[in-house]
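Chemist: File name my_file.pdb; file contents PDB, C-alpha atoms; full text below.
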ATOM      1  CA  MET B1047      -8.483  -2.053  24.692
ATOM      2  CA  ASN B1048     -10.299  -3.405  21.643
ATOM      3  CA  PRO B1049      -8.504  -1.819  18.645
ATOM      4  CA  ASP B1050     -11.500  -2.238  16.315
ATOM      5  CA  PHE B1051     -13.867  -0.512  18.725
ATOM      6  CA  GLU B1052     -11.379   2.301  19.416
ATOM      7  CA  MET B1053     -10.722   2.855  15.703
ATOM      8  CA  ARG B1054     -14.467   3.202  15.073
ATOM      9  CA  ARG B1055     -14.686   5.692  17.936
ATOM     10  CA  LEU B1056     -11.721   7.685  16.616
ATOM     11  CA  LEU B1057     -13.243   7.810  13.150
ATOM     12  CA  ASP B1058     -16.321   9.446  14.719
ATOM     13  CA  VAL B1059     -14.081  12.013  16.428
ATOM     14  CA  MET B1060     -12.145  12.834  13.251
ATOM     15  CA  PRO B1061     -13.419  15.445  10.766
ATOM     16  CA  ALA B1062     -14.812  14.132   7.463
ATOM     17  CA  SER B1063     -11.758  15.419   5.571
ATOM     18  CA  GLY B1064      -9.527  13.429   7.928
ATOM     19  CA  ARG B1065     -11.521  10.230   7.451
ATOM     20  CA  MET B1066     -11.160  10.584   3.679
ATOM     21  CA  ALA B1067      -7.450  11.492   3.653
ATOM     22  CA  THR B1068      -6.031   9.209   6.353
ATOM     23  CA  LYS B1069      -6.220   5.591   7.459
ATOM     24  CA  LEU B1070      -5.927   4.243  11.009
ATOM     25  CA  VAL B1071      -3.731   1.150  11.293
ATOM     26  CA  SER B1072      -3.052  -0.981  14.375
ATOM     27  CA  LYS B1073       0.688  -1.553  14.783
ATOM     28  CA  PRO B1074       1.329  -3.271  18.143
ATOM     29  CA  GLU B1075       5.016  -3.857  17.415
ATOM     30  CA  GLN B1076       5.949  -0.156  17.196
ATOM     31  CA  ARG B1077       7.656   1.431  20.183
ATOM     32  CA  VAL B1078       5.867   4.783  19.897
ATOM     33  CA  VAL B1079       2.254   5.530  20.771
ATOM     34  CA  VAL B1080       1.216   7.004  17.430
ATOM     35  CA  ASP B1081       3.226   7.488  14.272
ATOM     36  CA  SER B1082       2.854   8.826  10.745
ATOM     37  CA  THR B1083       5.260   9.778   7.993
ATOM     38  CA  PHE B1084       5.623  13.189   6.429
ATOM     39  CA  PRO B1085       3.171  13.175   3.476
ATOM     40  CA  MET B1086       4.985  13.506   0.182
ATOM     41  CA  PRO B1087       3.094  14.900  -2.847
ATOM     42  CA  TRP B1088       3.278  11.651  -4.849
ATOM     43  CA  VAL B1089       1.931   9.452  -1.995
ATOM     44  CA  SER B1090      -1.852   9.287  -1.714
ATOM     45  CA  ASP B1091      -2.022   7.069   1.402
ATOM     46  CA  ARG B1092      -1.583   8.839   4.724
ATOM     47  CA  PRO B1093      -1.635   6.066   7.341
ATOM     48  CA  ILE B1094      -1.643   6.701  11.084
ATOM     49  CA  TRP B1095      -0.076   3.788  12.962
ATOM     50  CA  ILE B1096      -1.201   3.275  16.564
ATOM     51  CA  ASN B1097       0.138   0.934  19.237
ATOM     52  CA  PHE B1098      -3.144   0.383  21.087
ATOM     53  CA  ASP B1099      -1.419  -1.165  24.135
ATOM     54  CA  LEU B1100       0.387   2.150  24.672
ATOM     55  CA  TRP B1101      -2.591   4.206  23.425
ATOM     56  CA  ASP B1102      -4.692   2.704  26.239
ATOM     57  CA  ARG B1103      -2.492   4.459  28.818
ATOM     58  CA  LEU B1104      -3.855   7.841  27.715
ATOM     59  CA  SER B1105      -7.160   9.270  28.905
ATOM     60  CA  ARG B1106      -9.987   9.513  26.381
ATOM     61  CA  PRO B1107      -9.671  13.330  26.003
ATOM     62  CA  GLN B1108      -5.921  12.949  25.475
ATOM     63  CA  ARG B1109      -6.551  10.310  22.795
ATOM     64  CA  ASP B1110      -9.179  12.512  21.119
ATOM     65  CA  LEU B1111      -6.870  15.523  20.936
ATOM     66  CA  LEU B1112      -3.872  13.455  19.886
ATOM     67  CA  ILE B1113      -5.711  11.881  16.948
ATOM     68  CA  LEU B1114      -7.183  15.255  15.930
ATOM     69  CA  ARG B1115      -3.720  16.793  16.028
ATOM     70  CA  THR B1116      -2.177  13.982  13.965
ATOM     71  CA  VAL B1117      -4.943  14.217  11.367
ATOM     72  CA  SER B1118      -4.672  18.028  11.280
ATOM     73  CA  TRP B1119      -0.930  17.803  10.678
ATOM     74  CA  LEU B1120      -1.283  15.225   7.891
ATOM     75  CA  THR B1121      -4.060  17.105   6.118
ATOM     76  CA  GLY B1122      -2.450  20.502   6.746
ATOM     77  CA  VAL B1123       0.563  19.777   4.546
ATOM     78  CA  LYS B1124      -0.354  21.373   1.221
ATOM     79  CA  TRP B1125       1.937  20.789  -1.728
ATOM     80  CA  PHE B1126      -0.385  22.110  -4.412
ATOM     81  CA  ARG B1127      -1.984  25.402  -3.465
ATOM     82  CA  PRO B1128      -1.798  28.754  -5.244
ATOM     83  CA  SER B1129       1.235  30.685  -4.018
ATOM     84  CA  LEU B1130       4.208  32.630  -5.319
ATOM     85  CA  TYR B1131       6.538  29.646  -4.993
ATOM     86  CA  GLN B1132       4.090  27.290  -6.700
ATOM     87  CA  GLY B1133       4.017  29.726  -9.621
ATOM     88  CA  VAL B1134       7.807  29.917  -9.696
ATOM     89  CA  VAL B1135       8.080  26.102  -9.732
ATOM     90  CA  LEU B1136       5.582  25.913 -12.602
ATOM     91  CA  ALA B1137       7.392  28.655 -14.531
ATOM     92  CA  GLY B1138      10.731  26.929 -13.920
ATOM     93  CA  VAL B1139       9.431  23.581 -15.164
ATOM     94  CA  VAL B1140       7.863  25.119 -18.292
ATOM     95  CA  GLY B1141      10.980  27.201 -18.916
ATOM     96  CA  GLY B1142      13.179  24.143 -18.456
ATOM     97  CA  ILE B1143      11.154  22.174 -21.015
ATOM     98  CA  VAL B1144      11.328  25.053 -23.512
ATOM     99  CA  GLU B1145      15.097  25.416 -23.013
ATOM    100  CA  LEU B1146      15.544  21.644 -23.301
ATOM    101  CA  VAL B1147      13.688  21.627 -26.629
ATOM    102  CA  GLN B1148      15.820  24.530 -27.837
ATOM    103  CA  GLY B1149      18.995  22.836 -26.599
ATOM    104  CA  ASP B1150      20.171  25.811 -24.521
ATOM    105  CA  PRO B1151      22.275  24.424 -21.624
ATOM    106  CA  VAL B1152      22.513  27.791 -19.817
ATOM    107  CA  GLY B1153      18.736  28.206 -19.971
ATOM    108  CA  ILE B1154      18.224  24.648 -18.698
ATOM    109  CA  ILE B1155      20.537  25.274 -15.748
ATOM    110  CA  ALA B1156      18.839  28.584 -14.927
ATOM    111  CA  ALA B1157      15.330  27.098 -15.109
ATOM    112  CA  SER B1158      16.373  24.064 -13.041
ATOM    113  CA  GLY B1159      17.977  26.277 -10.410
ATOM    114  CA  LEU B1160      14.864  28.442 -10.181
ATOM    115  CA  THR B1161      12.672  25.359  -9.793
ATOM    116  CA  ALA B1162      14.956  23.902  -7.103
ATOM    117  CA  ILE B1163      15.027  27.121  -5.070
ATOM    118  CA  ALA B1164      11.237  27.517  -5.171
ATOM    119  CA  GLY B1165      10.742  23.816  -4.399
ATOM    120  CA  ALA B1166      13.049  24.127  -1.392
ATOM    121  CA  GLN B1167      10.975  27.057  -0.101
ATOM    122  CA  ILE B1168       7.755  25.017  -0.413
ATOM    123  CA  TRP B1169       9.435  22.112   1.419
ATOM    124  CA  ARG B1170      10.674  24.465   4.165
ATOM    125  CA  ALA B1171       7.224  26.016   4.600
ATOM    126  CA  ASN B1172       5.644  22.575   5.010
ATOM    127  CA  ARG B1173       8.280  21.564   7.603
ATOM    128  CA  SER B1174       8.288  24.828   9.556
ATOM    129  CA  THR B1175       7.505  25.404  13.224
ATOM    130  CA  GLN B1176       4.461  27.382  12.105
ATOM    131  CA  THR B1177       3.049  24.266  10.392
ATOM    132  CA  GLU B1178       3.381  22.339  13.677
ATOM    133  CA  LEU B1179       1.640  25.090  15.652
ATOM    134  CA  ASP B1180      -1.059  25.415  12.982
ATOM    135  CA  ALA B1181      -1.791  21.684  13.294
ATOM    136  CA  ASP B1182      -2.310  22.060  17.056
ATOM    137  CA  GLU B1183      -4.632  25.016  16.571
ATOM    138  CA  ALA B1184      -6.582  23.222  13.831
ATOM    139  CA  ALA B1185      -7.038  20.261  16.195
ATOM    140  CA  LEU B1186      -8.399  22.605  18.875
ATOM    141  CA  ARG B1187     -10.928  24.041  16.404
ATOM    142  CA  VAL B1188     -12.189  20.562  15.522
ATOM    143  CA  ALA B1189     -12.279  19.628  19.211
ATOM    144  CA  GLN B1190     -14.595  22.572  19.854
ATOM    145  CA  ARG B1191     -17.033  21.060  17.355
ATOM    146  CA  ARG B1192     -16.797  17.841  19.408
ATOM    147  CA  GLY B1193     -17.886  19.544  22.620
ATOM    148  CA  TYR B1194     -14.586  20.701  24.098
ATOM    149  CA  GLU B1195     -13.896  24.290  25.152
ATOM    150  CA  GLU B1196     -10.675  25.693  23.639
ATOM    151  CA  PRO B1197      -8.757  26.065  26.948
ATOM    152  CA  GLU B1198      -9.850  22.586  28.001
ATOM    153  CA  ALA B1199      -8.836  21.081  24.648
ATOM    154  CA  ALA B1200      -5.470  22.857  24.812
ATOM    155  CA  ARG B1201      -4.849  21.412  28.285
ATOM    156  CA  HIS B1202      -5.727  17.896  27.085
ATOM    157  CA  LEU B1203      -3.402  18.164  24.080
ATOM    158  CA  LEU B1204      -0.648  19.582  26.277
ATOM    159  CA  SER B1205      -1.004  16.716  28.755
ATOM    160  CA  ALA B1206      -1.101  14.227  25.842
ATOM    161  CA  ILE B1207       2.239  15.519  24.514
ATOM    162  CA  GLU B1208       3.793  15.109  27.961
ATOM    163  CA  ALA B1209       2.174  11.697  28.583
ATOM    164  CA  VAL B1210       3.328  10.295  25.220
ATOM    165  CA  ALA B1211       6.921  11.343  25.946
ATOM    166  CA  GLU B1212       6.711   9.674  29.357
ATOM    167  CA  ILE B1213       5.217   6.459  27.923
ATOM    168  CA  GLU B1214       7.932   6.341  25.271
ATOM    169  CA  GLY B1215      10.641   6.976  27.878
ATOM    170  CA  ARG B1216      12.065  10.143  26.354
ATOM    171  CA  SER B1217      12.277  13.879  26.901
ATOM    172  CA  LEU B1218      10.302  16.411  24.917
ATOM    173  CA  ASN B1219      12.094  17.533  21.756
ATOM    174  CA  PHE B1220      12.509  21.184  20.753
ATOM    175  CA  ILE B1221       9.339  21.315  18.610
ATOM    176  CA  GLU B1222       7.292  19.670  21.369
ATOM    177  CA  LEU B1223       8.583  22.242  23.870
ATOM    178  CA  LEU B1224       7.504  25.081  21.544
ATOM    179  CA  ARG B1225       4.127  23.439  20.984
ATOM    180  CA  SER B1226       3.704  23.014  24.744
ATOM    181  CA  GLN B1227       4.451  26.692  25.348
ATOM    182  CA  ASN B1228       1.921  27.712  22.696
ATOM    183  CA  LEU B1229      -0.704  25.373  24.182
ATOM    184  CA  ARG B1230      -0.105  26.773  27.678
ATOM    185  CA  SER B1231      -0.821  30.215  26.239
ATOM    186  CA  LEU B1232      -4.014  28.985  24.516
ATOM    187  CA  ALA B1233      -5.110  27.205  27.695
ATOM    188  CA  GLY B1234      -4.661  30.424  29.689
ATOM    189  CA  VAL B1235      -1.999  28.789  31.875
ATOM    190  CA  SER B1236       0.824  31.056  30.681
ATOM    191  CA  PRO B1237       0.727  34.602  29.271
ATOM    192  CA  VAL B1238       3.817  33.885  27.147
ATOM    193  CA  GLY B1239       3.282  32.429  23.658
ATOM    194  CA  VAL B1240       5.739  31.523  20.911
ATOM    195  CA  PRO B1241       7.465  34.585  19.355
ATOM    196  CA  ASP B1242       6.800  35.217  15.653
ATOM    197  CA  ARG B1243      10.475  34.923  14.755
ATOM    198  CA  VAL B1244      10.529  31.373  16.167
ATOM    199  CA  ARG B1245       7.331  30.426  14.331
ATOM    200  CA  GLN B1246       8.931  31.150  10.958
ATOM    201  CA  ASN B1247      11.788  28.672  11.479
TER     202      ASN B1247
END
Show this structure as structure tokens.

Modeler:
Amino acid sequence: MNPDFEMRRLLDVMPASGRMATKLVSKPEQRVVVDSTFPMPWVSDRPIWINFDLWDRLSRPQRDLLILRTVSWLTGVKWFRPSLYQGVVLAGVVGGIVELVQGDPVGIIAASGLTAIAGAQIWRANRSTQTELDADEAALRVAQRRGYEEPEAARHLLSAIEAVAEIEGRSLNFIELLRSQNLRSLAGVSPVGVPDRVRQN
């Protein structure tokens, strides 16, 4: 596989927001098919590293859905969006500054604690099972704009998850098993989806 040609093709598959927010990078030395790091709020670069020797073992539809899913996950992590916890973090920071200026140690501790609790909730929301499932479903929506039917796209993403694990010589992890169950439901293969209580974890 020619990495330059494949990267150009993948850029055409990706949504415009994904092309602007992420960068495809060939990394032949990595032992996984595709990799990316969890996007932190202070990091603007969101690279996607691909081992094209391993990538070539996937079918084109599997590659399309896998790149769409990776891009959807990277762009789906939102650190700065209006929410209750964002407001609490802002109030805690402002309150902490005010208390620091006034020299009130109890107020500083209270404001810092409030900020930490709200920040932890934002972190947890961005790392939740729901975020993983949302990324899959966002990828399926983009795939439909690329000519795939939703059940077909779900089957391709499901088979890509299983194929990547096989290529990498490992079993599916817990999140991948949940994602697979959700994709089977979306593909019409299984009537059982992921329960809401599991999605919130």

Chemist: To one decimal place in Å, what is the distance between CA of Ala1185 in chain B and CA of Gly1215 in chain B?

Modeler: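 Answer for the CA of Ala1185 in chain B to CA of Gly1215 in chain B separation: 25.0 Å.
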
Chemist: Could you tell me how far CA of Arg1216 in chain B sits from CA of Ala1233 in chain B, in Å to one decimal place?

Modeler: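 Taking CA of Ala1233 in chain B as the start and CA of Arg1216 in chain B as the end point, the length is 24.2 Å.
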
Chemist: What's the 9 Å shell around Leu1112 in chain B, counting only C-alpha atoms, without same-chain residues fewer than 6 positions away, as an NGL selection string?

Modeler: :B and (1080 or 1185 or 1202-1203 or 1206-1207)

Chemist: Give me the result of the PyMOL selection byres ((chain B and resi 1210) around 10) on this file, residue by residue, as a PDB file with C-alpha atoms, in the coordinates of the input.

Modeler:
ATOM      1  CA  VAL B1078       5.867   4.783  19.897  1.00  0.00           C
ATOM      2  CA  VAL B1079       2.254   5.530  20.771  1.00  0.00           C
ATOM      3  CA  VAL B1080       1.216   7.004  17.430  1.00  0.00           C
ATOM      4  CA  LEU B1100       0.387   2.150  24.672  1.00  0.00           C
ATOM      5  CA  TRP B1101      -2.591   4.206  23.425  1.00  0.00           C
ATOM      6  CA  ARG B1103      -2.492   4.459  28.818  1.00  0.00           C
ATOM      7  CA  LEU B1104      -3.855   7.841  27.715  1.00  0.00           C
ATOM      8  CA  GLN B1108      -5.921  12.949  25.475  1.00  0.00           C
ATOM      9  CA  LEU B1112      -3.872  13.455  19.886  1.00  0.00           C
ATOM     10  CA  SER B1205      -1.004  16.716  28.755  1.00  0.00           C
ATOM     11  CA  ALA B1206      -1.101  14.227  25.842  1.00  0.00           C
ATOM     12  CA  ILE B1207       2.239  15.519  24.514  1.00  0.00           C
ATOM     13  CA  GLU B1208       3.793  15.109  27.961  1.00  0.00           C
ATOM     14  CA  ALA B1209       2.174  11.697  28.583  1.00  0.00           C
ATOM     15  CA  ALA B1211       6.921  11.343  25.946  1.00  0.00           C
ATOM     16  CA  GLU B1212       6.711   9.674  29.357  1.00  0.00           C
ATOM     17  CA  ILE B1213       5.217   6.459  27.923  1.00  0.00           C
ATOM     18  CA  GLU B1214       7.932   6.341  25.271  1.00  0.00           C
ATOM     19  CA  GLY B1215      10.641   6.976  27.878  1.00  0.00           C
ATOM     20  CA  ARG B1216      12.065  10.143  26.354  1.00  0.00           C
ATOM     21  CA  SER B1217      12.277  13.879  26.901  1.00  0.00           C
ATOM     22  CA  LEU B1218      10.302  16.411  24.917  1.00  0.00           C
TER      23      LEU B1218
END

Chemist: With distances taken over only C-alpha atoms, which residue among B:Glu1052, B:Asp1081, B:Asp1091, B:Glu1183 lies nearest Arg1106 in chain B?

Modeler: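 Looking at the shortest contact to Arg1106 in chain B, the residue is B:Glu1052.
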
Chemist: Quick one: of B:Pro1151, B:Thr1175, B:Val1071, B:Asp1058, who's nearest to Phe1220 in chain B, counting only C-alpha atoms?

Modeler: B:Thr1175

Chemist: Return the single residue from B:Leu1114, B:Arg1109, B:Thr1068, B:Val1059 that is closest to Val1089 in chain B, with distances computed using only C-alpha atoms.

Modeler: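 Using only C-alpha atoms, Val1089 in chain B sits closest to B:Thr1068.
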
Chemist: On this structure, which residues satisfy the PyMOL selection byres ((chain B and resi 1187) around 12), written as an MDAnalysis selection string?

Modeler: chainID B and resid 1060:1061 1111 1114:1115 1118 1180:1186 1188:1200 1232

Chemist: Evaluate the PyMOL selection byres ((chain B and resi 1048) around 12) here and jot the selected residues down as a list of chain:residue names.

Modeler: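 Written out, the selection comes to B:Met1047, B:Pro1049, B:Asp1050, B:Phe1051, B:Glu1052, B:Met1053, B:Arg1054, B:Arg1055, B:Ser1072, B:Asn1097, B:Phe1098, B:Asp1099, B:Trp1101, B:Asp1102.
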
Chemist: Padding 5 Å on every side, please: axis-aligned box over the listed atoms of range 1178-1193 of chain B, centre and edge lengths to one decimal in Å, as lines of an AutoDock Vina configuration file.

Modeler:
center_x = -7.3
center_y = 21.6
center_z = 17.8
size_x = 31.3
size_y = 17.6
size_z = 19.6

Chemist: Expressed in Å to a single decimal, how great is the separation between CA of Pro1093 in chain B and CA of Gln1176 in chain B?

Modeler: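 These atoms are spaced 22.7 Å apart.
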